[in-house]
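Written out below as structure tokens is the structure these notes cover.
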Amino acid sequence: MASESERNKRLLQDVLAKPGNDVCADCGNAEPDWASVTLGVFVCQGCSLLHRGVPHISRVKSVQQETWDASEVELMAAMGNEAAKAKYEQKVPAFYYRPKHTDCKLLREQWIRARYERNEFEFIEKQEPYSAGYREGFLWKRGRDNGQFFSRKFILSEREGALKYFNKQDFVYLPQARDPKAVMKIETLNATFQPAKIGNPYGLQITYLRDNSTRNIFVYHNDSKEMVDWFNAIRAARFHYLQVAFPGASDEELVPKLTRSFMKEGFMEKTGPKHTEGFKKRWFTMDDRRLMYFKDPLDAYARGEVFIGSKENSYTVLSGLPPSTQGYHWNHGITIVTPDRKFLFACETEAEQKDWIAAFQRVINRPMRPQEYAVEAHFKHKP
């Protein structure tokens with residue numbers, strides 16, 4: 001006869017096979033092999049480590065490696081991922097970012113704490129920090145010239161349609177002056193977590209357009225919840241702006257437009273329009289159809305931007321460089337053909353070359369939206 005522990009293991013496998021239990025309750029990763037025996041959810045290994053950070057809420061066990069008793073299996077059967085979702089996600093705002101398993105640790109950890117520890121999605125009043133339409137506070141902002149971080153006052157105002165920041169000294173000592181150092185319109189605002197690039201686990205990159213050119217600022221806060229609240233406040237402001245701009249659009253259509261991660265980033269070499277200047281190493285960021293290049297990954301302004309249109313509009317990407325090309329140090333070339341000229345790049349490795357070509361191809365294969373024609377026209381008339 002099977003032992004009690006073997007019976008419990010079999011019953012647990014039956015529970016795991018139920019709909020919804022086949023993906024991580026927190027990040028959607030496939031085939032979760034851990035479970036919270038206090039919350040009754042199945043989670044992946046990555047999220048199980050984050051659950052260990054809230055031991056007063058969650059106690060995790062391995063589905064395969066550990067012994068389970070009958071009461072623990074019963075709790076898992078009674079709850080499970082679908083029931084937990086119904087309980088802990090009753091009132092998640094449409095704009096609130098739901099992290100995937102590929103997202104940074106900060107987003108996944110704060111999502112777990114928001115759900116189970118703070119019960120933010122059961123009680124709407126707990127969502128005030130990011131849903132109010134107005135937010136102010138101090139963030140550490142990277143200086144443009146020397147790379148040091150300075151405390152700056154930030155104000156997000158949905159009513160004014162802008163995120164502004166001020167020099168701390170001006171704001172504290174000269175409140176009547178209060179001229180912002182920058183006004184970032186919500187219309188063009190984007191925010192994406194970049195912990196590795198910024199060198200801080202809570203590092204956020206904010207981009208916006210000024211005179212139709214991209215500007216970057218890099219910020220962080222020492223409190224992880226504060227940083228994620230700022231991120232979701234920006235998403236909320238963008239959501240309400242887009243609801244007004246596109247009155248007929250559904251939440252499902254608007255949510256993907258709130259914030260976006262960059263399609264690809266990394267170093268490549270490039271040459272100028274005459275292809276005779278020699279190749280220079282630059283940091284490239286692919287932000288939808290804008291390919292930007294910087295001298296340093298943390299530069300505030302791009303040295304230049306290239307618009308990547310669609311194949312219907314005569315844009316193509318080719319592996320390799322024209323035979324006469326000289327002056328490159330890296331051997332894995334890429335040529336982007338546009339209606340006006342060819343752009344030449346070189347990658348250090350074949351793997352990087354393939355990744356960049358795949359990213360360019362994804363954009364080129366996608367038909368252009370009406371508003372993108374206006375962006376393309378601006379690029380063509382840029383000096």
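Chain identifiers are assigned as A, B, and so on, following the order in which chains appear in the structure tokens; residues are numbered from 1 within each chain, and ligands are numbered from 1 in order of appearance.
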List every residue of stretch 301-348 of chain A that has an atom at most 10 Å from any atom of stretch 273-283 of chain A, and for each one report the closest atom pair and its distance in Å to one decimal, counting only C-alpha atoms, with rows sorted by chain and then by increasing residue number, as a Markdown table.
| residue | atom | partner | partner_atom | distance |
| --- | --- | --- | --- | --- |
| A:Ala302 | CA | A:Trp283 | CA | 9.4 |
| A:Arg303 | CA | A:Arg282 | CA | 9.1 |
| A:Ser324 | CA | A:His275 | CA | 9.6 |
| A:Thr325 | CA | A:His275 | CA | 7.2 |
| A:Gln326 | CA | A:Gly278 | CA | 7.0 |
| A:Gly327 | CA | A:Gly278 | CA | 4.4 |
| A:Tyr328 | CA | A:Phe279 | CA | 5.1 |
| A:His329 | CA | A:Phe279 | CA | 7.5 |
| A:Trp330 | CA | A:Phe279 | CA | 9.2 |
| A:Arg341 | CA | A:Pro273 | CA | 7.7 |
| A:Lys342 | CA | A:Pro273 | CA | 7.8 |
| A:Phe343 | CA | A:Pro273 | CA | 7.3 |
| A:Leu344 | CA | A:His275 | CA | 7.7 |
| A:Phe345 | CA | A:Phe279 | CA | 8.1 |
| A:Ala346 | CA | A:Phe279 | CA | 8.3 |
| A:Cys347 | CA | A:Lys281 | CA | 9.5 |
Please report, as a tab-separated table, each residue of stretch 94-208 of chain A lying at most 8 Å from stretch 228-252 of chain A, together with the nearest pair of atoms and the separation in Å rounded to one decimal; use only C-alpha atoms, and order rows by chain and ascending residue number.
residue	atom	partner	partner_atom	distance
A:Ala94	CA	A:Asp251	CA	6.8
A:Phe95	CA	A:Ala236	CA	5.5
A:Tyr96	CA	A:Asn232	CA	5.8
A:Tyr97	CA	A:Asn232	CA	6.7
A:Leu106	CA	A:Val228	CA	7.9
A:Leu107	CA	A:Val228	CA	6.9
A:Gln110	CA	A:Val228	CA	7.2
A:Pro129	CA	A:Asp229	CA	6.3
A:Tyr130	CA	A:Ala233	CA	4.1
A:Ser131	CA	A:Ala233	CA	6.1
A:Ala132	CA	A:Ala233	CA	7.9
A:Gly133	CA	A:Ala237	CA	6.2
A:Arg135	CA	A:Ala233	CA	7.5
A:Leu156	CA	A:Ile234	CA	7.6
A:Ser157	CA	A:Ala237	CA	8.0
A:Glu158	CA	A:Ala237	CA	5.5
A:Gly161	CA	A:Tyr241	CA	7.7
A:Ile186	CA	A:Arg238	CA	6.0
A:Glu187	CA	A:Arg238	CA	7.0
A:Leu189	CA	A:Arg238	CA	7.7
A:Ala191	CA	A:Phe231	CA	6.8
In stretch 188-235 of chain A, DSSP strand (DSSP E or B) residues written as a count of residues only: 19
